[in-house]
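To keep things clear, I will list the structure first and then write my remarks on it.
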Amino acid sequence: MPDNENAISRRLMVGGAGLGLAAIAAAAPASAQGSTDTATPKPLQDPTTKYPRPPYPRQTQPWPGLAGKMDPKPDHGELSYKGTGRLTGRKALITGGDSGMGRAAAIAYAREGADVAINYLPAEEADAREVVDLIRAAGRKAVPIPGDLRDPAFCRRLVDDAVRQLGGLDILVSNAGRQQSRASILEVSDEDFDATMKTNIYAPFYLIKAALPNMKPGSAIIATTSEQAYDPSPDLYDYAQTKAATMNFVKSLAKQFGPKGIRVNGVAPGPIWTPLQVSGGASEGKVVTFGATAPLGRAGQPVELAGIYVRLAEDDGSYTTGNVYGAGGGQGQP
Amino acid sequence: MAASQSDHYEIMAAHLALVQGQDPRVRTFAEGMVRDHTRLNEDLRKAAIASGLPSPSPGMSSDQAALLSGLQSLRGADFDKAYTRQQVLAHTQAVAVEDSFAAAGAEANLKKAAQSAVPTIQDHLKMARQLSAEVGGS
């Protein structure tokens, strides 16, 4: 690995050296207008060795899990993501913005010039605090709104609060999800099934419905789907079908909202290193070997999808709607 | 190259077995796989370097990736059966690969590495067959 600042910083982050927030904030660009240096060549990096490879340490956390307690710690772009004003003045609401891809999107959006509201479960407060500090360190407004998306009244309140505190809304990232691995359908309890459907299918319905009246032409909706939508794992019977549903509503709503000038797209990750996996989303053995099945031979890190969320939100992506962008390390669809 | 891919698959599948495997004999077998295939892969890497060749890229074949993916979803007795079945198949194939390289490999160092690997792989196949008889993975 080239021994530049980013590589060293990234090693520290994923090595779990637990950098204090002050150090992270200091290292991060002070404003959303990051480096626009086009003279210094960026060295090519081998994607197979850029991040830790399996086997990962055996670990488990109670649902919903914290990124801060994972080993190695996931990289959401805290030290590496540099913005260039791609989303200046935008107003975004991100569900599941405390960790994983939601966190990577929140950090990227803030560094690209957007004000960001994040939703998360109260148990995820420790992770969310860090994201709020990072958004503020980027010079943008951060609006934390914890709560359970399974409650329709909360979903409506969440959107209202976000609109009020942001002064509007033009990006909705429906990213929060519930994933629990069960070897057999016989082990999926009624409560399990209900919780997965309510989090992954009902909540996006309530959120989009509440958000739409606030969204002017040029706004963007982004939903996190998954490679599971296209080729489901046998132990993710309930989760996988919700991701297929998500992929489907991205396309129906893109058709419905096209004439309104509101774009709707999806992001389909492969195996990404997030708390979702270590808190029951994947079997313990799958966690240890996470990403070994992918041609790149490792799990993806959330930061590796940040640019996708930016792309689908920014005005430059104006012809992309009804599409699903993947990042799967070489495995799966799309 | 095929031998390196096989090592990689064996190591990952064994790590999976150490966590998901139910029968203690499966886990003991898996410990041996991690140990032996790590050593075999290291020998292969040294042989490649000694010949001025690049180290084999770490990675398994797409067939092996599909096998591993199947294992990742299993637990308990189902896992044990599937893992054992895969191990018999994988080592049957590995014996053939090492044998042919040991006999006809063009490059001296790699040929020697294959020749010294053959007894280990044959041992693995014997152990895998025995495990299959004990755990019922055919």
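Labeling convention for the structure tokens: chains A, B, ... as they appear, residues from 1 per chain, ligands from 1 in order of appearance.
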Based on only C-alpha atoms, which of the residues in chain A come within 9 Å of chain B? I want them as a compact mmCIF listing (two decimals) with C-alpha atoms, in the first residue's frame.
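File produced: iface23.txt:
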# COMPACT_ATOMS: atom_id res chain seq x y z
CA THR A 48 -8.08 -6.70 -3.32
CA PRO A 54 -11.12 -12.50 5.67
CA PRO A 55 -10.88 -14.40 7.95
CA ARG A 58 -15.28 -14.11 15.25
CA SER A 181 -30.31 -14.91 9.21
CA ARG A 182 -32.55 -17.96 9.82
CA ALA A 183 -31.48 -21.33 8.41
CA SER A 233 -29.37 -16.60 0.14
CA PRO A 234 -31.39 -19.51 1.55
CA ASP A 235 -31.03 -18.20 5.10
CA LEU A 236 -32.43 -14.73 4.31
CA ALA A 282 -25.28 -13.11 8.85
CA SER A 283 -24.36 -16.36 10.56
CA GLU A 284 -21.23 -16.10 12.72
CA GLY A 285 -19.33 -18.25 10.25
CA LYS A 286 -20.41 -16.08 7.34
CA VAL A 287 -19.11 -13.04 9.22
CA VAL A 288 -15.69 -14.70 9.66
CA THR A 289 -15.53 -15.46 5.93
CA PHE A 290 -17.45 -12.38 4.76
CA ALA A 292 -14.47 -14.56 0.61
CA THR A 293 -16.97 -15.57 -2.08
CA ALA A 294 -16.44 -12.34 -4.04
CA PRO A 295 -13.85 -12.14 -6.82
CA LEU A 296 -12.19 -9.26 -4.97
CA GLY A 297 -11.86 -11.71 -2.08
Just list the residues in stretch 32-126 of chain B DSSP gives alpha helix (DSSP H) on the backbone, as a PyMOL selection string.
chain B and resi 32-50+62-72+76-104+108-126
Contacts of stretch 121-123 of chain A at 9 Å or less, counting only C-alpha atoms, minus same-chain residues fewer than 2 places along, as a PDB file with C-alpha atoms, in the first residue's frame?
ATOM      1  CA  TRP A  63     -29.255  -6.232  17.488  1.00  0.00           C
ATOM      2  CA  PRO A  64     -28.889  -3.547  16.142  1.00  0.00           C
ATOM      3  CA  GLY A  65     -25.155  -3.450  16.845  1.00  0.00           C
ATOM      4  CA  LEU A  66     -22.588  -0.644  16.810  1.00  0.00           C
ATOM      5  CA  GLY A  96     -29.979   4.218   9.196  1.00  0.00           C
ATOM      6  CA  ASP A  98     -25.605   6.035  12.191  1.00  0.00           C
ATOM      7  CA  ASN A 119     -32.570   8.648  11.704  1.00  0.00           C
ATOM      8  CA  GLU A 125     -26.895   6.676  19.799  1.00  0.00           C
ATOM      9  CA  ALA A 126     -23.143   6.158  20.295  1.00  0.00           C
ATOM     10  CA  ILE A 145     -33.849  12.182  14.947  1.00  0.00           C
ATOM     11  CA  PRO A 146     -33.844   8.769  16.678  1.00  0.00           C
ATOM     12  CA  GLY A 147     -36.912   6.536  16.564  1.00  0.00           C
ATOM     13  CA  ASP A 148     -38.404   3.255  15.377  1.00  0.00           C
ATOM     14  CA  LEU A 149     -39.435   3.277  11.715  1.00  0.00           C
TER      15      LEU A 149
END
Rounded to one decimal in Å, what is the spacing between atom CA of A:Leu212 and atom CA of A:Leu169?
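Answer for the atom CA of A:Leu212 to atom CA of A:Leu169 separation: 9.2 Å.
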How would you write, as an NGL selection string, the set of residues in stretch 37-193 of chain A that DSSP gives as strand (DSSP E)?
:A and (91-95 or 115-119 or 142-144 or 171-174)
What is the atom CA of A:Gly97 to atom CA of A:Ile118 distance in Å?
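Atom-to-atom, atom CA of A:Gly97 to atom CA of A:Ile118, that is 5.0 Å.
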Contacts of B:Asp7 at 6 Å or less, counting only C-alpha atoms, minus same-chain residues fewer than 3 places along, as a PyMOL selection string?
chain B and resi 4+10+37
Neighbouring residues of A:Gly113 were defined as those with any atom within 10 Å, considering only C-alpha atoms; residues of the same chain fewer than 2 positions away were excluded. Please report them as a short mmCIF file (atom, residue, chain, number, x, y, z; two decimals) with N, CA and C atoms, in the first residue's frame.
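Dumped everything to selection-v7.cif:
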data_model
loop_
_atom_site.label_atom_id
_atom_site.label_comp_id
_atom_site.auth_asym_id
_atom_site.auth_seq_id
_atom_site.Cartn_x
_atom_site.Cartn_y
_atom_site.Cartn_z
N SER A 31 -14.24 22.35 5.46
CA SER A 31 -15.43 22.75 4.73
C SER A 31 -15.76 21.69 3.69
N ALA A 32 -16.94 21.83 3.14
CA ALA A 32 -17.34 20.85 2.13
C ALA A 32 -16.52 21.01 0.86
N GLN A 33 -15.88 22.16 0.67
CA GLN A 33 -15.05 22.36 -0.53
C GLN A 33 -13.70 21.72 -0.28
N GLY A 34 -13.58 20.47 -0.60
CA GLY A 34 -12.33 19.73 -0.37
C GLY A 34 -11.29 20.06 -1.40
N GLY A 83 -14.96 16.14 -0.31
CA GLY A 83 -16.01 16.65 -1.19
C GLY A 83 -15.52 17.75 -2.10
N THR A 84 -16.30 18.00 -3.15
CA THR A 84 -15.97 19.07 -4.08
C THR A 84 -17.21 19.88 -4.44
N GLY A 85 -18.13 20.03 -3.49
CA GLY A 85 -19.29 20.89 -3.71
C GLY A 85 -20.35 20.32 -4.61
N ARG A 86 -20.40 18.99 -4.69
CA ARG A 86 -21.39 18.38 -5.59
C ARG A 86 -22.82 18.50 -5.08
N LEU A 87 -23.00 18.73 -3.79
CA LEU A 87 -24.35 18.80 -3.23
C LEU A 87 -24.57 20.07 -2.42
N THR A 88 -23.89 21.13 -2.81
CA THR A 88 -23.97 22.37 -2.02
C THR A 88 -25.40 22.85 -1.89
N GLY A 89 -25.82 23.10 -0.63
CA GLY A 89 -27.15 23.64 -0.38
C GLY A 89 -28.26 22.61 -0.37
N ARG A 90 -27.94 21.32 -0.59
CA ARG A 90 -28.99 20.30 -0.60
C ARG A 90 -29.40 19.94 0.81
N LYS A 91 -30.60 19.36 0.93
CA LYS A 91 -31.13 19.00 2.25
C LYS A 91 -31.54 17.52 2.21
N ALA A 108 -20.40 11.77 3.36
CA ALA A 108 -20.13 12.25 2.01
C ALA A 108 -21.03 13.44 1.67
N TYR A 109 -22.32 13.32 1.98
CA TYR A 109 -23.25 14.42 1.66
C TYR A 109 -22.81 15.71 2.35
N ALA A 110 -22.46 15.59 3.64
CA ALA A 110 -22.05 16.79 4.39
C ALA A 110 -20.80 17.39 3.75
N ARG A 111 -19.86 16.56 3.37
CA ARG A 111 -18.62 17.07 2.79
C ARG A 111 -18.82 17.58 1.37
N ASP A 115 -26.89 19.79 4.03
CA ASP A 115 -27.30 19.65 5.42
C ASP A 115 -27.97 18.28 5.53
N VAL A 116 -27.73 17.59 6.65
CA VAL A 116 -28.15 16.19 6.74
C VAL A 116 -28.90 15.88 8.02
N ILE A 135 -20.61 15.56 10.59
CA ILE A 135 -21.38 16.46 9.72
C ILE A 135 -21.08 17.91 10.11
N ALA A 138 -17.79 19.24 9.11
CA ALA A 138 -17.75 19.60 7.69
C ALA A 138 -18.42 20.94 7.44
N GLY A 139 -18.90 21.58 8.52
CA GLY A 139 -19.49 22.90 8.40
C GLY A 139 -20.95 22.87 7.99
N ARG A 140 -21.62 21.76 8.17
CA ARG A 140 -23.03 21.66 7.75
C ARG A 140 -23.91 21.40 8.97
N LYS A 141 -25.23 21.57 8.71
CA LYS A 141 -26.20 21.35 9.78
C LYS A 141 -26.46 19.85 9.92
#
Sorted by chain and rising residue number, list the residues of stretch 94-175 of chain A at most 9 Å from stretch 200-210 of chain A (counting only C-alpha atoms), each with its closest atom pair and distance in Å to one decimal, as a Markdown table.
| residue | atom | partner | partner_atom | distance |
| --- | --- | --- | --- | --- |
| A:Leu149 | CA | A:Ala203 | CA | 5.6 |
| A:Arg150 | CA | A:Ala203 | CA | 6.0 |
| A:Asp151 | CA | A:Ala203 | CA | 7.8 |
| A:Pro152 | CA | A:Tyr206 | CA | 6.1 |
| A:Ala153 | CA | A:Tyr206 | CA | 8.6 |
| A:Cys155 | CA | A:Leu207 | CA | 5.7 |
| A:Arg156 | CA | A:Ala210 | CA | 5.8 |
| A:Arg157 | CA | A:Ala210 | CA | 8.9 |
| A:Leu158 | CA | A:Leu207 | CA | 8.2 |
| A:Val159 | CA | A:Ala210 | CA | 6.3 |
| A:Asp160 | CA | A:Ala210 | CA | 7.8 |
| A:Leu172 | CA | A:Ile208 | CA | 7.8 |
| A:Ser174 | CA | A:Pro204 | CA | 6.2 |
| A:Asn175 | CA | A:Asn200 | CA | 8.7 |
Pull C-alpha atoms from the residues just selected and write them as a tab-separated table (two decimals), in the first residue's frame.
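File produced: selection.tsv:
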chain	number	residue	atom	x	y	z
A	149	LEU	CA	-39.44	3.28	11.72
A	150	ARG	CA	-41.94	0.47	12.27
A	151	ASP	CA	-44.31	3.10	13.70
A	152	PRO	CA	-46.16	4.94	10.90
A	153	ALA	CA	-46.82	7.96	13.12
A	155	CYS	CA	-42.26	8.03	10.17
A	156	ARG	CA	-44.52	10.98	9.46
A	157	ARG	CA	-43.12	12.90	12.45
A	158	LEU	CA	-39.59	12.10	11.28
A	159	VAL	CA	-40.16	13.66	7.86
A	160	ASP	CA	-41.97	16.68	9.34
A	172	LEU	CA	-34.45	11.06	0.84
A	174	SER	CA	-34.35	5.09	2.57
A	175	ASN	CA	-31.54	2.91	3.84
Need to verify the contact set: stretch 96-98 of chain B, 8 Å, only C-alpha atoms, exclusion of same-chain residues closer than 4 positions in sequence. Can you return it as number ranges by chain?
B: 2-3, 92, 102, 114-115, 117-118
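Using only C-alpha atoms, the protein and nucleic acid residues lying no more than 8 Å from stretch 306-315 of chain A, apart from those fewer than 6 places from it along its own chain, are His76, Gly77, Arg86, Leu87, Met101, Ala104, Ala105, Ala108, Tyr109, Ile171, Gly218, Ser219, Ala220, Ile221, Ile222, Asn265, Val267 and Tyr325 of chain A.
What separates atom CA of B:Ser51 from atom CA of B:Lys112 is a distance of 11.5 Å.
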